[in-house]
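Working notes, beginning with the structure itself.
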Amino acid sequence: MSFKIGLEIHVALPTKTKLFCSCNAYNEQEPNISICPICMGFPGSKPMLNKKALELAKSVANALNSKINNQISFERKIYFYPDLPKSYQITQLEYPIANDGYIELLDLNKKINIRRIQLEEDPAKIIHEEEFSLIDFNRSGRPLLEIVTEPDILNLDELKEFLNELKSILYYLGIDINIELKVDLNISYDSERVEIKNITGTRNIINAAIYEMKRQTKIKESGHQIHKQTRSYDENQVITIALREKETEEEYGFIYESDLSKYDIKNIEYIQPVFASKIAKEISLKHNANEELIREQIMFDSSALKLINLFSNKYPINLIVNAIQILKKYNKILDNNKFEKLINLISQNILINQDLLEKIEQNNEINSTKPIDQKLIDTAINNLINKNQKLLDDYEKNNKVFNFIIGQIVKEYNTNPKYVSERLNELLSKTIKKSK
Ligand SMILES: [Zn+2]
């Protein structure tokens, strides 16, 4: 049994203005306030390309290791639908921003290939009421970057890792990950391709894939054929629904967009990428620390990465990560000096609570501190040991369970990981002696 999954991902680029006009790209205060003849497709209006969108597109293309075309062109994709009054969408066909890239999934030791990366305009939004429909043009002409992968993703682990990796790369390029990714998901079993259109958000993408793989497996197992199809995803019922038998690319008409010239983008600047998972791996190897924990802190947090870079040669990495976790837990930001003070307090096995954090934050004198309550920590550790009986059998081999328990305690009690690790070792050796 083997599935192949490919994605067409639409990323809204955070530009001030739209892709081909100077309207505000993200003005949602009320419908149809950010519009002009260009983004409403009036006859005679002429598009002008947004340079910032080009910079961002090139930055993504570069981060995804792709071959960037020196010269790009735009095409009109012709179709009739109310969200597109000029009856075509400006997109790219012949010379897109880039081709042939990849994203590396370090944990799974795998590359997911990227077929193409192209710029296009978002259509308007249709709001369906019971007896009529309304159209909001605020979104019309918003810059979208479409990233098309090869069908290289073979299972859910790869899909999750891919989405996480892509979102982290986009985050570090300054592309807001709160604007959720919009994805068309292709899932094929053998040869017939089923496409699920317009899924928004990581959780929905994963759930749609789970449902669709189960559905196709069932069809195969009952000896039937899977049909080439376009489906939609219903996030309330968590199912995919057949829309139509699949139309092919040829059914769209494409013509060259003569209102836009060919663009030479060789000299367009781009932002250098940050690969957080790679950095997490390097740090963990260099300092012999828990890679997963570091990754969790820095994938979507550039200030955590800065703190780790700044202090990792001076303090044990686990201590720094612990301090970052505490800041996140209480939603605090400290400057470097105060952060160092926090690290020092943790290393002295002092109980860190909100009160103490506020004292550090306000530079107040810290005169009374409480040490960590060993009894409390021991009880918590024993509870977790009892819940994870397997740990007793092979805890020396199984670092993961060991780290999991330390992580849990550190998170809950804001304690020094070294201290917890020592207590855990001692309690385990006692328990094991007892059980022998
Ligand atoms: Zn406009």
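Residues are named by chain letter and number: chains run A, B, ... in the order of the structure tokens, numbers start at 1 in each chain, and ligands are numbered from 1 in the order shown.
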
Selection as a PyMOL selection string: residues within 6 Å of ligand 1 by only C-alpha atoms and all ligand atoms | chain A and resi 21-23+35-36+38-39

Take the residues just selected and output them with C-alpha atoms as a PDB file, in the first residue's frame.
ATOM      1  CA  CYS A  21      -2.386  48.198  -7.654  1.00  0.00           C
ATOM      2  CA  SER A  22      -1.781  50.509  -4.705  1.00  0.00           C
ATOM      3  CA  CYS A  23      -4.846  49.497  -2.658  1.00  0.00           C
ATOM      4  CA  ILE A  35     -10.712  48.775  -4.165  1.00  0.00           C
ATOM      5  CA  CYS A  36      -9.863  50.548  -7.404  1.00  0.00           C
ATOM      6  CA  ILE A  38      -7.425  47.698 -11.370  1.00  0.00           C
ATOM      7  CA  CYS A  39      -8.384  45.202  -8.649  1.00  0.00           C
TER       8      CYS A  39
END

Residues near stretch 375-386 of chain A, anyone? I mean within 10 Å using only C-alpha atoms, not counting same-chain ones fewer than 6 positions away, as a PDB file with C-alpha atoms, in the first residue's frame.
ATOM      1  CA  LEU A 392      11.561   0.999  34.839  1.00  0.00           C
ATOM      2  CA  VAL A 401      10.976   8.646  28.267  1.00  0.00           C
ATOM      3  CA  PHE A 402      13.633   9.969  30.587  1.00  0.00           C
ATOM      4  CA  PHE A 404       9.916  13.379  28.698  1.00  0.00           C
ATOM      5  CA  ILE A 405       9.649  13.086  32.470  1.00  0.00           C
ATOM      6  CA  ILE A 406      12.264  15.766  33.070  1.00  0.00           C
ATOM      7  CA  GLN A 408       7.142  17.582  32.327  1.00  0.00           C
ATOM      8  CA  ILE A 409       8.502  18.408  35.758  1.00  0.00           C
ATOM      9  CA  VAL A 410      10.600  21.327  34.552  1.00  0.00           C
ATOM     10  CA  GLU A 412       5.249  22.439  35.696  1.00  0.00           C
ATOM     11  CA  TYR A 413       7.527  23.522  38.529  1.00  0.00           C
ATOM     12  CA  THR A 415      12.813  23.870  38.069  1.00  0.00           C
ATOM     13  CA  TYR A 419      18.284  19.164  39.506  1.00  0.00           C
ATOM     14  CA  VAL A 420      15.286  17.190  38.197  1.00  0.00           C
ATOM     15  CA  SER A 421      17.566  14.864  36.299  1.00  0.00           C
ATOM     16  CA  ARG A 423      16.404  13.525  41.525  1.00  0.00           C
ATOM     17  CA  LEU A 424      14.976  11.305  38.805  1.00  0.00           C
ATOM     18  CA  GLU A 426      18.225   8.803  42.379  1.00  0.00           C
ATOM     19  CA  LEU A 427      14.545   7.884  42.675  1.00  0.00           C
ATOM     20  CA  LEU A 428      14.803   5.471  39.772  1.00  0.00           C
ATOM     21  CA  THR A 431      12.721   2.018  42.740  1.00  0.00           C
TER      22      THR A 431
END

Tell me which of A:Asn267, A:Asn198, A:Asn164, A:Gln389 sits closest to A:Glu235, counting only C-alpha atoms.
->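 So, comparing all the options, the nearest one is A:Asn198.
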
Could you name the residues that touch stretch 219-231 of chain A at 9 Å or less, counting only C-alpha atoms, but leaving out those on the same chain fewer than 6 positions away, as a list in words?
->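 Counting only C-alpha atoms, the residues come to Ser188, Tyr189, Ser191, Glu192, Arg193, Val194, Glu195, Ile196, Lys197, Thr240, Ile241, Ala242, Leu243, Arg244, Glu245, Lys246 and Glu247 of chain A.
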
Report as JSON lines the residues of stretch 322-403 of chain A within 12 Å of stretch 296-312 of chain A, each with its shortest atom pair and distance in Å (one decimal), using only C-alpha atoms, ordered by chain and increasing residue number.
{"residue": "A:Asn322", "atom": "CA", "partner": "A:Gln297", "partner_atom": "CA", "distance": 9.8}
{"residue": "A:Ala323", "atom": "CA", "partner": "A:Leu307", "partner_atom": "CA", "distance": 9.9}
{"residue": "A:Ile324", "atom": "CA", "partner": "A:Ala304", "partner_atom": "CA", "distance": 6.6}
{"residue": "A:Gln325", "atom": "CA", "partner": "A:Gln297", "partner_atom": "CA", "distance": 7.6}
{"residue": "A:Ile326", "atom": "CA", "partner": "A:Gln297", "partner_atom": "CA", "distance": 11.3}
{"residue": "A:Leu327", "atom": "CA", "partner": "A:Ala304", "partner_atom": "CA", "distance": 9.8}
{"residue": "A:Lys328", "atom": "CA", "partner": "A:Gln297", "partner_atom": "CA", "distance": 9.3}
{"residue": "A:Lys329", "atom": "CA", "partner": "A:Gln297", "partner_atom": "CA", "distance": 11.8}
{"residue": "A:Lys332", "atom": "CA", "partner": "A:Ser303", "partner_atom": "CA", "distance": 11.8}
{"residue": "A:Ile333", "atom": "CA", "partner": "A:Ser303", "partner_atom": "CA", "distance": 9.2}
{"residue": "A:Leu334", "atom": "CA", "partner": "A:Leu307", "partner_atom": "CA", "distance": 10.3}
{"residue": "A:Asp335", "atom": "CA", "partner": "A:Leu307", "partner_atom": "CA", "distance": 9.7}
{"residue": "A:Asn336", "atom": "CA", "partner": "A:Leu307", "partner_atom": "CA", "distance": 7.8}
{"residue": "A:Asn337", "atom": "CA", "partner": "A:Phe311", "partner_atom": "CA", "distance": 11.0}
{"residue": "A:Lys338", "atom": "CA", "partner": "A:Leu307", "partner_atom": "CA", "distance": 11.8}
{"residue": "A:Phe339", "atom": "CA", "partner": "A:Leu307", "partner_atom": "CA", "distance": 8.6}
{"residue": "A:Glu340", "atom": "CA", "partner": "A:Phe311", "partner_atom": "CA", "distance": 8.4}
{"residue": "A:Ile343", "atom": "CA", "partner": "A:Phe311", "partner_atom": "CA", "distance": 9.9}

Sel. of helix (DSSP H, G or I) residues, stretch 16-60 of chain A, as a PyMOL selection string | chain A and resi 51-60

Can you pull out every residue within 12 Å of A:Gln29, counting only C-alpha atoms, but drop anything in the same chain fewer than 4 positions away, and send it as a list of chain:residue names?
-> A:Asn24, A:Ala25, A:Ile33, A:Ser34, A:Asp136, A:Asn138, A:Arg139

Have a look at A:Leu351, A:Leu134, A:Leu356, A:Ile117 and name the one nearest to A:Ala63; count only C-alpha atoms.
->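 Going through A:Leu351, A:Leu134, A:Leu356, A:Ile117 one by one, the smallest distance to A:Ala63 is for A:Ile117.
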
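Considering the residues A:Val238, A:Met48, A:Ile265, A:Leu144 and counting only C-alpha atoms, A:Thr91 has its shortest atom-to-atom contact with A:Leu144.
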
Pick from A:Gly6, A:Gly141, A:Gly41, A:Pro82, whichever lies nearest to A:Tyr26 using only C-alpha atoms =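 Closest candidate: A:Gly141.
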
A:Arg116: which residues within 12 Å, counting only C-alpha atoms, same-chain residues fewer than 3 positions away excluded, as an NGL selection string?
-> :A and (7-9 or 57 or 60-61 or 64-69 or 92-102 or 113 or 119 or 145-150)

Emit the selected residues as a compact mmCIF listing (two decimals), in the first residue's frame, including C-alpha atoms.
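This went into selection04.txt:
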# COMPACT_ATOMS: atom_id res chain seq x y z
CA LEU A 7 0.50 19.93 -2.21
CA GLU A 8 -0.35 23.19 -3.88
CA ILE A 9 0.14 25.77 -1.17
CA ALA A 57 8.62 35.60 -3.57
CA VAL A 60 10.90 32.06 -0.39
CA ALA A 61 12.23 30.58 -3.63
CA LEU A 64 13.37 26.47 -0.74
CA ASN A 65 16.60 25.81 -2.64
CA SER A 66 15.02 26.40 -6.02
CA LYS A 67 16.29 27.61 -9.34
CA ILE A 68 15.18 31.21 -9.64
CA ASN A 69 14.38 32.38 -13.16
CA GLN A 92 2.33 32.60 -14.03
CA LEU A 93 2.72 29.71 -16.41
CA GLU A 94 5.73 29.84 -18.69
CA TYR A 95 8.39 31.59 -16.62
CA PRO A 96 7.38 31.47 -12.94
CA ILE A 97 9.51 32.84 -10.09
CA ALA A 98 11.32 29.54 -9.67
CA ASN A 99 11.40 25.80 -10.38
CA ASP A 100 13.00 22.67 -8.96
CA GLY A 101 13.51 23.32 -5.28
CA TYR A 102 13.24 21.21 -2.17
CA ASN A 113 10.89 18.32 -4.02
CA LEU A 119 3.05 34.64 -8.04
CA LEU A 145 2.60 32.80 -3.68
CA GLU A 146 1.78 29.34 -4.95
CA ILE A 147 4.21 26.59 -4.02
CA VAL A 148 3.67 23.30 -5.85
CA THR A 149 5.40 20.19 -4.52
CA GLU A 150 6.11 16.94 -6.29

Atom CA of A:Asn204 to atom CA of A:Glu158, distance in Å rounded to a single decimal | 15.7 Å

Go ahead and compute the interatomic distance for atom CA of A:Glu257 and atom CA of A:Leu170, in Å to one decimal.
-> 28.7 Å

Skipping near chain neighbours, those fewer than 5 positions away, what residues fall within 12 Å of A:Gln348 using only C-alpha atoms, listed as a list in words?
->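 Near A:Gln348, the qualifying residues are Leu319, Lys341, Leu342, Ile343, Thr369, Lys370, Pro371, Ile372, Thr415, Asn416, Pro417, Lys418 and Tyr419 of chain A.
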
Within 10 Å of A:Lys86, counting only C-alpha atoms, which residues show up once you throw out same-chain ones fewer than 5 positions away? Write them as an MDAnalysis selection string, please.
-> chainID A and resid 38:43 78:81

Interatomic distance, atom CA of A:Pro273 to atom CA of A:Lys314 (Å, one decimal) =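 That distance, rounded to one decimal, is 26.3 Å.
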
List every residue of stretch 4-129 of chain A that DSSP, applied to the backbone of this structure, assigns to strand (DSSP E or B), and report them as a PyMOL selection string.
-> chain A and resi 4-12+17+24+67-68+71-72+75-78+88-91+98-105+110-121+125-128

Dump of C-alpha atoms for the selected residues, as a short mmCIF file (atom, residue, chain, number, x, y, z; two decimals), in the first residue's frame:
data_model
loop_
_atom_site.label_atom_id
_atom_site.label_comp_id
_atom_site.auth_asym_id
_atom_site.auth_seq_id
_atom_site.Cartn_x
_atom_site.Cartn_y
_atom_site.Cartn_z
CA LYS A 4 1.63 9.71 -2.75
CA ILE A 5 0.76 13.15 -1.52
CA GLY A 6 1.46 16.43 -3.27
CA LEU A 7 0.50 19.93 -2.21
CA GLU A 8 -0.35 23.19 -3.88
CA ILE A 9 0.14 25.77 -1.17
CA HIS A 10 -1.10 29.33 -1.31
CA VAL A 11 0.74 31.76 0.91
CA ALA A 12 -0.63 35.28 1.29
CA THR A 17 -0.40 47.08 -1.13
CA ASN A 24 -4.21 48.36 0.92
CA LYS A 67 16.29 27.61 -9.34
CA ILE A 68 15.18 31.21 -9.64
CA GLN A 71 13.29 36.57 -16.31
CA ILE A 72 9.66 35.99 -15.39
CA GLU A 75 -0.21 34.79 -17.97
CA ARG A 76 -3.97 35.14 -17.87
CA LYS A 77 -5.78 32.07 -16.65
CA ILE A 78 -9.20 32.34 -18.17
CA TYR A 88 -9.21 35.85 -15.93
CA GLN A 89 -6.76 35.59 -13.06
CA ILE A 90 -3.25 36.95 -13.54
CA THR A 91 -0.89 34.11 -12.70
CA ALA A 98 11.32 29.54 -9.67
CA ASN A 99 11.40 25.80 -10.38
CA ASP A 100 13.00 22.67 -8.96
CA GLY A 101 13.51 23.32 -5.28
CA TYR A 102 13.24 21.21 -2.17
CA ILE A 103 12.58 21.25 1.56
CA GLU A 104 14.74 19.08 3.71
CA LEU A 105 13.10 17.08 6.51
CA LYS A 110 14.24 13.08 3.36
CA LYS A 111 13.85 15.78 0.75
CA ILE A 112 10.46 16.89 -0.55
CA ASN A 113 10.89 18.32 -4.02
CA ILE A 114 9.26 21.57 -5.08
CA ARG A 115 8.11 21.68 -8.71
CA ARG A 116 7.40 25.39 -9.07
CA ILE A 117 6.86 28.65 -7.22
CA GLN A 118 4.70 31.32 -8.79
CA LEU A 119 3.05 34.64 -8.04
CA GLU A 120 -0.63 35.23 -8.66
CA GLU A 121 -3.50 37.44 -7.59
CA LYS A 125 -14.46 36.80 -1.79
CA ILE A 126 -18.00 35.57 -2.34
CA ILE A 127 -20.40 35.54 0.57
CA HIS A 128 -23.38 33.29 -0.06
#
